[in-house]
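So this one's input_25.txt, compact mmCIF, C-alpha atoms:
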# COMPACT_ATOMS: atom_id res chain seq x y z
CA MET A 30 -17.29 -6.73 -53.74
CA ALA A 31 -13.53 -6.13 -53.82
CA SER A 32 -13.06 -7.50 -50.31
CA ALA A 33 -15.13 -10.59 -51.20
CA LYS A 34 -12.87 -11.27 -54.20
CA LYS A 35 -9.78 -10.78 -52.07
CA GLU A 36 -11.13 -13.17 -49.44
CA THR A 37 -11.95 -15.78 -52.10
CA LYS A 38 -8.45 -15.46 -53.55
CA THR A 39 -6.94 -15.92 -50.08
CA ILE A 40 -9.03 -19.04 -49.49
CA ILE A 41 -7.95 -20.47 -52.86
CA LYS A 42 -4.29 -19.75 -52.04
CA TYR A 43 -4.44 -21.70 -48.81
CA LEU A 44 -6.42 -24.51 -50.42
CA SER A 45 -3.59 -24.59 -52.98
CA LEU A 46 -1.08 -24.95 -50.17
CA VAL A 47 -3.00 -27.87 -48.64
CA THR A 48 -3.51 -29.56 -52.03
CA LEU A 49 0.11 -29.20 -53.11
CA THR A 50 1.36 -30.41 -49.73
CA LEU A 51 -0.86 -33.48 -49.60
CA GLN A 52 -0.18 -34.40 -53.23
CA ASN A 53 3.60 -34.17 -52.73
CA ALA A 54 3.59 -36.12 -49.45
CA ILE A 55 0.92 -38.76 -50.05
CA LEU A 56 2.24 -39.87 -53.45
CA GLY A 57 5.72 -40.67 -52.09
CA LEU A 58 4.33 -42.45 -49.03
CA SER A 59 1.82 -44.40 -51.13
CA MET A 60 4.43 -45.52 -53.65
CA ARG A 61 6.72 -46.71 -50.85
CA TYR A 62 3.94 -48.65 -49.15
CA ALA A 63 2.77 -50.19 -52.43
CA ARG A 64 6.29 -51.40 -53.26
CA THR A 65 7.05 -52.88 -49.81
CA ARG A 66 3.68 -54.33 -48.75
CA SER A 67 3.22 -58.05 -48.34
CA GLY A 68 1.40 -60.09 -50.97
CA ASP A 69 1.67 -60.30 -54.75
CA MET A 70 3.71 -57.45 -56.18
CA PHE A 71 2.22 -55.56 -59.13
CA MET A 72 4.39 -54.62 -62.11
CA SER A 73 5.30 -50.94 -61.93
CA SER A 74 5.54 -50.72 -65.73
CA THR A 75 1.83 -51.55 -66.02
CA ALA A 76 0.93 -49.02 -63.32
CA VAL A 77 2.74 -46.30 -65.30
CA VAL A 78 0.75 -47.20 -68.42
CA MET A 79 -2.56 -47.19 -66.56
CA ALA A 80 -1.75 -43.78 -65.06
CA GLU A 81 -1.22 -42.44 -68.58
CA PHE A 82 -4.60 -43.89 -69.63
CA VAL A 83 -6.30 -42.14 -66.71
CA LYS A 84 -4.47 -38.91 -67.49
CA LEU A 85 -5.32 -39.10 -71.20
CA PHE A 86 -9.07 -39.50 -70.65
CA SER A 87 -9.04 -36.86 -67.90
CA CYS A 88 -7.36 -34.33 -70.17
CA ILE A 89 -9.71 -35.14 -73.05
CA GLY A 90 -12.57 -34.42 -70.65
CA LEU A 91 -10.97 -31.07 -69.78
CA VAL A 92 -10.51 -30.24 -73.47
CA TYR A 93 -14.20 -31.06 -73.96
CA LYS A 94 -15.05 -28.61 -71.17
CA GLU A 95 -12.93 -25.94 -72.88
CA GLU A 96 -14.52 -26.51 -76.30
CA GLY A 97 -18.11 -26.89 -75.08
CA SER A 98 -19.14 -29.92 -77.15
CA TRP A 99 -17.82 -33.33 -78.18
CA LYS A 100 -17.91 -32.30 -81.86
CA LYS A 101 -15.67 -29.29 -81.22
CA CYS A 102 -13.50 -31.39 -78.93
CA ALA A 103 -12.97 -34.05 -81.62
CA LYS A 104 -12.22 -31.36 -84.19
CA ALA A 105 -9.68 -29.71 -81.89
CA LEU A 106 -7.98 -33.05 -81.15
CA HIS A 107 -7.83 -33.90 -84.85
CA SER A 108 -6.45 -30.50 -85.91
CA THR A 109 -3.85 -30.44 -83.10
CA ILE A 110 -2.62 -34.04 -83.10
CA ILE A 111 -3.31 -35.43 -86.60
CA GLN A 112 -3.05 -32.35 -88.81
CA GLN A 113 0.12 -31.09 -87.13
CA PRO A 114 2.34 -34.22 -87.22
CA PHE A 115 5.63 -32.33 -86.86
CA ASP A 116 4.40 -30.50 -83.77
CA THR A 117 3.11 -33.78 -82.33
CA LEU A 118 6.42 -35.54 -83.02
CA LYS A 119 8.27 -32.82 -81.10
CA VAL A 120 6.26 -33.83 -78.04
CA SER A 121 7.34 -37.47 -78.46
CA ILE A 122 10.72 -36.72 -76.84
CA PRO A 123 9.33 -35.62 -73.45
CA SER A 124 6.69 -38.38 -73.74
CA LEU A 125 9.41 -41.03 -73.83
CA VAL A 126 11.42 -39.29 -71.12
CA TYR A 127 8.45 -39.06 -68.74
CA ILE A 128 7.66 -42.78 -69.16
CA VAL A 129 11.25 -43.71 -68.26
CA GLN A 130 11.21 -41.21 -65.38
CA ASN A 131 8.00 -42.61 -63.87
CA ASN A 132 9.37 -46.16 -64.03
CA LEU A 133 12.56 -44.98 -62.32
CA LEU A 134 10.52 -43.37 -59.53
CA TYR A 135 8.96 -46.76 -58.78
CA VAL A 136 12.43 -48.30 -58.66
CA SER A 137 13.56 -45.57 -56.28
CA ALA A 138 10.48 -46.00 -54.05
CA SER A 139 11.22 -49.73 -53.91
CA HIS A 140 14.68 -49.17 -52.42
CA LEU A 141 14.49 -45.85 -50.52
CA ASP A 142 12.28 -45.08 -47.54
CA ALA A 143 9.64 -42.42 -48.20
CA ALA A 144 11.44 -39.67 -46.29
CA THR A 145 14.79 -40.19 -48.05
CA TYR A 146 13.00 -40.52 -51.40
CA GLN A 147 11.13 -37.24 -50.81
CA VAL A 148 14.30 -35.33 -49.92
CA THR A 149 16.44 -36.88 -52.67
CA TYR A 150 13.87 -36.12 -55.36
CA GLN A 151 14.33 -32.40 -54.66
CA LEU A 152 17.52 -32.72 -56.72
CA LYS A 153 15.19 -32.06 -59.66
CA ILE A 154 15.61 -28.37 -58.70
CA LEU A 155 19.33 -28.72 -59.44
CA THR A 156 18.84 -30.56 -62.74
CA THR A 157 16.11 -28.16 -63.86
CA ALA A 158 18.42 -25.22 -63.14
CA MET A 159 21.20 -26.94 -65.08
CA PHE A 160 19.04 -27.45 -68.18
CA THR A 161 17.58 -23.94 -67.82
CA PHE A 162 21.11 -22.62 -68.14
CA LEU A 163 22.17 -25.00 -70.94
CA ILE A 164 19.02 -25.06 -73.11
CA LEU A 165 17.24 -21.77 -72.46
CA LYS A 166 20.48 -19.82 -71.84
CA ARG A 167 18.78 -18.28 -68.81
CA SER A 168 21.09 -17.00 -66.10
CA LEU A 169 20.55 -17.72 -62.42
CA LEU A 170 20.77 -15.32 -59.53
CA PHE A 171 23.68 -15.59 -57.10
CA ILE A 172 21.31 -16.67 -54.31
CA GLN A 173 20.06 -19.49 -56.56
CA TRP A 174 23.58 -20.83 -57.12
CA VAL A 175 24.11 -20.78 -53.34
CA ALA A 176 20.77 -22.56 -52.89
CA LEU A 177 21.83 -25.32 -55.30
CA ILE A 178 25.06 -25.91 -53.37
CA ILE A 179 23.13 -26.09 -50.08
CA LEU A 180 20.64 -28.47 -51.72
CA LEU A 181 23.44 -30.77 -52.84
CA ILE A 182 25.02 -30.80 -49.37
CA GLY A 183 21.64 -31.53 -47.76
CA VAL A 184 20.92 -34.49 -50.05
CA VAL A 185 24.41 -35.92 -49.45
CA LEU A 186 23.86 -35.71 -45.67
CA VAL A 187 20.49 -37.44 -45.99
CA GLN A 188 21.95 -40.24 -48.10
CA LEU A 189 24.87 -40.82 -45.74
CA ALA A 190 22.56 -40.78 -42.72
CA GLN A 191 20.78 -43.96 -43.82
CA THR A 192 22.92 -47.09 -44.19
CA ASP A 193 20.50 -49.92 -43.42
CA ASP A 194 19.90 -52.11 -46.48
CA GLY A 195 17.97 -54.80 -44.63
CA PRO A 196 14.91 -56.36 -46.29
CA VAL A 197 11.44 -54.89 -45.78
CA ASN A 198 8.66 -57.50 -45.67
CA GLY A 199 11.08 -59.90 -47.34
CA ILE A 200 11.82 -57.44 -50.17
CA LYS A 201 15.54 -56.78 -50.64
CA GLN A 202 16.63 -53.13 -50.43
CA ASN A 203 19.59 -51.54 -52.18
CA ARG A 204 20.12 -47.87 -51.37
CA LEU A 205 22.62 -47.39 -54.20
CA ILE A 206 20.07 -48.57 -56.75
CA GLY A 207 17.40 -46.39 -55.15
CA PHE A 208 19.58 -43.28 -55.17
CA GLY A 209 20.75 -43.95 -58.74
CA ALA A 210 17.14 -44.31 -59.90
CA ALA A 211 16.09 -41.11 -58.09
CA LEU A 212 19.05 -39.16 -59.49
CA SER A 213 18.35 -40.41 -63.02
CA ALA A 214 14.67 -39.47 -62.64
CA CYS A 215 15.71 -35.97 -61.52
CA VAL A 216 17.94 -35.53 -64.59
CA LEU A 217 15.15 -36.70 -66.90
CA SER A 218 12.60 -34.50 -65.13
CA GLY A 219 14.82 -31.43 -65.51
CA PHE A 220 15.49 -32.09 -69.19
CA ALA A 221 11.88 -32.90 -70.13
CA GLY A 222 10.47 -29.92 -68.26
CA ILE A 223 12.82 -27.41 -69.86
CA TYR A 224 12.54 -29.02 -73.31
CA PHE A 225 8.76 -28.87 -73.05
CA GLU A 226 8.89 -25.23 -71.97
CA LYS A 227 11.04 -24.47 -75.01
CA ILE A 228 8.61 -26.04 -77.51
CA LEU A 229 5.62 -24.48 -75.77
CA LYS A 230 6.89 -20.95 -76.32
CA GLY A 231 5.08 -19.21 -79.16
CA SER A 232 2.31 -21.85 -79.16
CA ASP A 233 -1.34 -21.09 -78.41
CA ILE A 234 -2.12 -24.74 -77.57
CA SER A 235 -3.66 -25.13 -74.11
CA VAL A 236 -1.97 -27.01 -71.27
CA TRP A 237 -4.69 -29.69 -71.36
CA MET A 238 -4.30 -30.25 -75.10
CA ARG A 239 -0.52 -30.50 -74.67
CA ASN A 240 -1.06 -33.13 -72.00
CA VAL A 241 -3.39 -35.05 -74.32
CA GLN A 242 -0.51 -35.10 -76.82
CA LEU A 243 1.93 -36.23 -74.13
CA SER A 244 -0.24 -39.04 -72.79
CA PHE A 245 -1.30 -40.15 -76.28
CA LEU A 246 2.34 -40.51 -77.31
CA SER A 247 3.42 -41.90 -73.93
CA LEU A 248 1.15 -44.95 -74.23
CA PRO A 249 3.10 -46.71 -77.04
CA PHE A 250 6.37 -46.08 -75.16
CA GLY A 251 4.81 -47.35 -71.93
CA LEU A 252 3.44 -50.50 -73.54
CA PHE A 253 6.82 -51.16 -75.16
CA THR A 254 8.45 -50.85 -71.70
CA CYS A 255 5.96 -53.39 -70.32
CA LEU A 256 6.76 -55.88 -73.07
CA LEU A 257 10.50 -55.26 -72.82
CA TYR A 258 10.86 -55.81 -69.07
CA ASP A 259 7.79 -57.78 -67.99
CA TRP A 260 6.67 -59.77 -71.03
CA ASN A 261 7.06 -63.19 -69.40
CA LYS A 262 5.25 -62.15 -66.23
CA ILE A 263 2.45 -60.47 -68.19
CA TRP A 264 2.09 -63.57 -70.39
CA TYR A 265 1.84 -66.00 -67.48
CA ASP A 266 0.23 -63.89 -64.74
CA GLY A 267 -1.69 -61.23 -66.67
CA PHE A 268 -1.36 -57.48 -67.11
CA PHE A 269 -3.09 -56.69 -63.83
CA PHE A 270 -1.27 -59.21 -61.65
CA GLY A 271 -0.98 -57.98 -58.06
CA TYR A 272 -3.54 -55.20 -58.51
CA ASN A 273 -5.93 -54.43 -55.66
CA TYR A 274 -7.84 -51.38 -54.50
CA PHE A 275 -4.69 -49.71 -53.17
CA VAL A 276 -2.83 -50.10 -56.47
CA TRP A 277 -5.77 -48.62 -58.37
CA TYR A 278 -5.85 -45.77 -55.88
CA LEU A 279 -2.11 -45.21 -56.51
CA VAL A 280 -2.67 -45.18 -60.29
CA VAL A 281 -5.43 -42.56 -59.97
CA LEU A 282 -3.35 -40.57 -57.45
CA GLN A 283 -0.36 -40.48 -59.77
CA ALA A 284 -2.48 -39.42 -62.74
CA GLY A 285 -4.90 -37.11 -60.98
CA GLY A 286 -2.45 -35.51 -58.57
CA GLY A 287 -0.68 -33.63 -61.33
CA LEU A 288 -4.00 -32.52 -62.82
CA ILE A 289 -5.10 -31.09 -59.49
CA VAL A 290 -1.79 -29.31 -59.04
CA ALA A 291 -2.03 -27.82 -62.54
CA VAL A 292 -5.40 -26.30 -61.64
CA VAL A 293 -4.37 -24.80 -58.29
CA VAL A 294 -0.71 -23.93 -58.88
CA LYS A 295 -1.58 -20.74 -60.75
CA TYR A 296 -2.94 -19.37 -57.49
CA ALA A 297 0.23 -20.25 -55.56
CA ASP A 298 3.27 -18.01 -55.65
CA ASN A 299 6.84 -19.34 -55.34
CA ILE A 300 6.91 -18.95 -51.55
CA LEU A 301 3.65 -20.89 -51.22
CA LYS A 302 5.04 -23.68 -53.42
CA GLY A 303 8.15 -23.70 -51.26
CA PHE A 304 6.01 -24.12 -48.16
CA ALA A 305 4.12 -26.98 -49.83
CA THR A 306 7.28 -28.87 -50.74
CA SER A 307 8.82 -28.28 -47.32
CA LEU A 308 5.70 -29.41 -45.46
CA ALA A 309 5.57 -32.50 -47.68
CA ILE A 310 9.11 -33.41 -46.58
CA VAL A 311 8.17 -32.93 -42.92
CA ILE A 312 4.98 -35.01 -43.29
CA SER A 313 6.89 -37.78 -45.07
CA CYS A 314 9.47 -37.89 -42.26
CA VAL A 315 6.87 -37.96 -39.46
CA VAL A 316 4.62 -40.54 -41.13
CA SER A 317 7.62 -42.72 -42.05
CA VAL A 318 8.61 -42.93 -38.38
CA TYR A 319 5.23 -44.40 -37.42
CA LEU A 320 4.30 -46.27 -40.60
CA PHE A 321 7.67 -47.64 -41.75
CA ASN A 322 9.69 -47.59 -38.47
CA PHE A 323 11.98 -44.99 -40.01
CA ASN A 324 15.05 -44.09 -37.92
CA LEU A 325 15.13 -40.28 -37.77
CA THR A 326 18.75 -39.31 -37.00
CA SER A 327 20.20 -35.86 -36.32
CA GLN A 328 22.22 -36.08 -39.53
CA PHE A 329 19.07 -36.80 -41.56
CA VAL A 330 17.26 -33.87 -39.89
CA SER A 331 20.21 -31.57 -40.63
CA GLY A 332 20.25 -32.62 -44.28
CA ALA A 333 16.47 -32.25 -44.63
CA LEU A 334 16.58 -28.76 -43.07
CA LEU A 335 19.29 -27.73 -45.54
CA VAL A 336 17.15 -28.98 -48.43
CA ILE A 337 14.11 -27.08 -47.12
CA CYS A 338 16.24 -23.95 -46.71
CA SER A 339 17.56 -24.30 -50.26
CA ILE A 340 14.01 -24.58 -51.65
CA PHE A 341 13.05 -21.22 -50.16
CA MET A 342 16.30 -19.62 -51.28
CA TYR A 343 15.95 -20.92 -54.83
CA ASN A 344 12.31 -19.79 -55.13
CA TYR A 345 13.06 -16.29 -53.83
CA ARG A 346 12.51 -13.72 -56.55
CA PRO A 347 13.28 -10.03 -56.16
CA LYS A 348 10.70 -7.86 -57.93
CA THR A 349 13.23 -6.93 -60.59
CA SER A 350 13.72 -10.56 -61.70
CA ASP A 351 10.11 -11.74 -62.07
CA SER A 352 10.71 -12.29 -65.77
CA GLN A 353 13.13 -15.07 -64.93
CA THR A 354 10.46 -17.20 -63.25
CA ASN A 355 10.35 -20.71 -64.72
CA ILE A 356 7.04 -22.00 -66.05
CA ASN A 357 8.01 -25.60 -66.67
CA HIS A 358 6.47 -26.81 -63.38
CA ASN A 359 3.07 -25.68 -64.64
CA ILE A 360 3.23 -27.56 -67.94
CA LYS A 361 3.50 -31.31 -67.54
CA VAL A 362 0.92 -32.78 -65.19
Please go through the file and, once you have read it, give me the structure as structure tokens.
Amino acid sequence: MASAKKETKTIIKYLSLVTLTLQNAILGLSMRYARTRSGDMFMSSTAVVMAEFVKLFSCIGLVYKEEGSWKKCAKALHSTIIQQPFDTLKVSIPSLVYIVQNNLLYVSASHLDAATYQVTYQLKILTTAMFTFLILKRSLLFIQWVALIILLIGVVLVQLAQTDDGPVNGIKQNRLIGFGAALSACVLSGFAGIYFEKILKGSDISVWMRNVQLSFLSLPFGLFTCLLYDWNKIWYDGFFFGYNYFVWYLVVLQAGGGLIVAVVVKYADNILKGFATSLAIVISCVVSVYLFNFNLTSQFVSGALLVICSIFMYNYRPKTSDSQTNINHNIKV
């Protein structure tokens, strides 16, 4: 019986590795393809809103599964969201931040190739560490500080390795805009994750219920973003202009990918998550060469290897420092 449980746990761990890897790699590649394909271009602001709708109903379904009946589910939603307005309002800050972040990721994917986007977005490790130190007053190990420096050097090398700003399928590219959007998204991701970890402490609210709160509050912010930036286009062309099966797939992938990760990540230790992120970078590089005619230079490879190395170094935890492990990556999905 014990060996059967151990074998099942091992299988789940490796399934976690595959799931995390594919989710990390496929999302970046899919966003890049969606933003550079020929044909009518969908509005990224509407895609962000639809992803929040999918996430909201998915999390409500998971809350229903936890409660066991729709009556108990409705009661739990009412008592958590309506009867605790102050607690709900606290969640409004990360809700707004995540909406802005997701829109910035689309901007970044529009101007950076998938491989560069995947590597650059690892700067969220640096920003998360920064806000961990500033907000939670949590110290970092010496090896983690070294890892952050190596990460920064690796990303700089990757950015300097790619200088071609030529159009892709007639769509103008601007690497500076893409990098600025990715960097801003990393800063917002780090802040929102640590802020959310801080407000979650001492709360007995489940992860799924917290995500219901997040998505519920994100929708008004997302709709406001649509009206602010794309009102004229929505008015004349419609909310779902440019949508096809691939765009709907991307919406579901963006919403459901995080939900899947939230389920499996508890079975994956830090080293396994490091492998997943590193493999995702490798997959993005290889696929980009064949799918997007990406020019893989020695400088890019050097920078990517430094980033991968920094991920493993940062996630390394001696047994005496397990209490310092961050939980923010397991919260927002």
Requested in this report: Determine, counting all atoms listed in the file, which protein, DNA and RNA residues have an atom within 8 Å of an atom of stretch 316-319 of chain A; residues of the same chain fewer than 6 positions away are not included. Present the result as number ranges by chain.
Outcome: A: 58, 142-144, 325
Requested in this report: Tell me which of A:Leu56, A:Leu180, A:Ile154, A:Ile122 sits closest to A:Ser331, counting all atoms listed in the file.
Outcome: A:Leu180
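The residue that comes closest to A:Val184, out of A:Leu212, A:Cys314, A:Leu152, A:Val281 and on the basis of only C-alpha atoms, is A:Leu152.
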Query - Point (18.9, -24.4, -72.2), cut-off 12 Å, counting only C-alpha atoms, residues as a PyMOL selection string - result: chain A and resi 156-169+219-228+355
**Report entry** Non-local contacts of stretch 130-133 of chain A (8 Å; all atoms listed in the file; under 2 positions in same chain excluded) as a ChimeraX atom specification
**Finding:** /A:73-74,77,126-128,135-137,210-211,213-215,217-218
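Using only C-alpha atoms for every distance, the candidate list A:Tyr345, A:Phe323, A:Phe253, A:Tyr272 yields A:Tyr272 as the residue closest to A:Met70.
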Query raised in the report: Contacts of A:Phe269 at 9 Å or less, counting all atoms listed in the file, minus same-chain residues fewer than 4 places along, as number ranges by chain?
Result: A: 71-72, 75-76, 263, 273
Take the residues just selected and output them with C-alpha atoms as an mmCIF file, in the coordinates of the input.
data_model
loop_
_atom_site.group_PDB
_atom_site.id
_atom_site.type_symbol
_atom_site.label_atom_id
_atom_site.label_comp_id
_atom_site.auth_asym_id
_atom_site.auth_seq_id
_atom_site.Cartn_x
_atom_site.Cartn_y
_atom_site.Cartn_z
ATOM 1 C CA PHE A 71 2.220 -55.560 -59.130
ATOM 2 C CA MET A 72 4.390 -54.620 -62.110
ATOM 3 C CA THR A 75 1.830 -51.550 -66.020
ATOM 4 C CA ALA A 76 0.930 -49.020 -63.320
ATOM 5 C CA ILE A 263 2.450 -60.470 -68.190
ATOM 6 C CA ASN A 273 -5.930 -54.430 -55.660
#
Query - Pairwise distance for atom CA of A:Trp99 and atom CA of A:Leu85, rounded to one decimal in Å - result: 15.4 Å
Report task. Identify which of the residues A:Cys255, A:Leu106, A:Ser121, A:Thr65 lies closest to A:Gly267, counting only C-alpha atoms when measuring atom-to-atom distances. Result -> A:Cys255
Requested in this report: Do a neighbour search on A:Phe82 at 9 Å with only C-alpha atoms, toss out local chain neighbours closer than 2 positions, and write the hits as a ChimeraX atom specification.
Outcome: /A:77-80,84-87,244-245,248,284
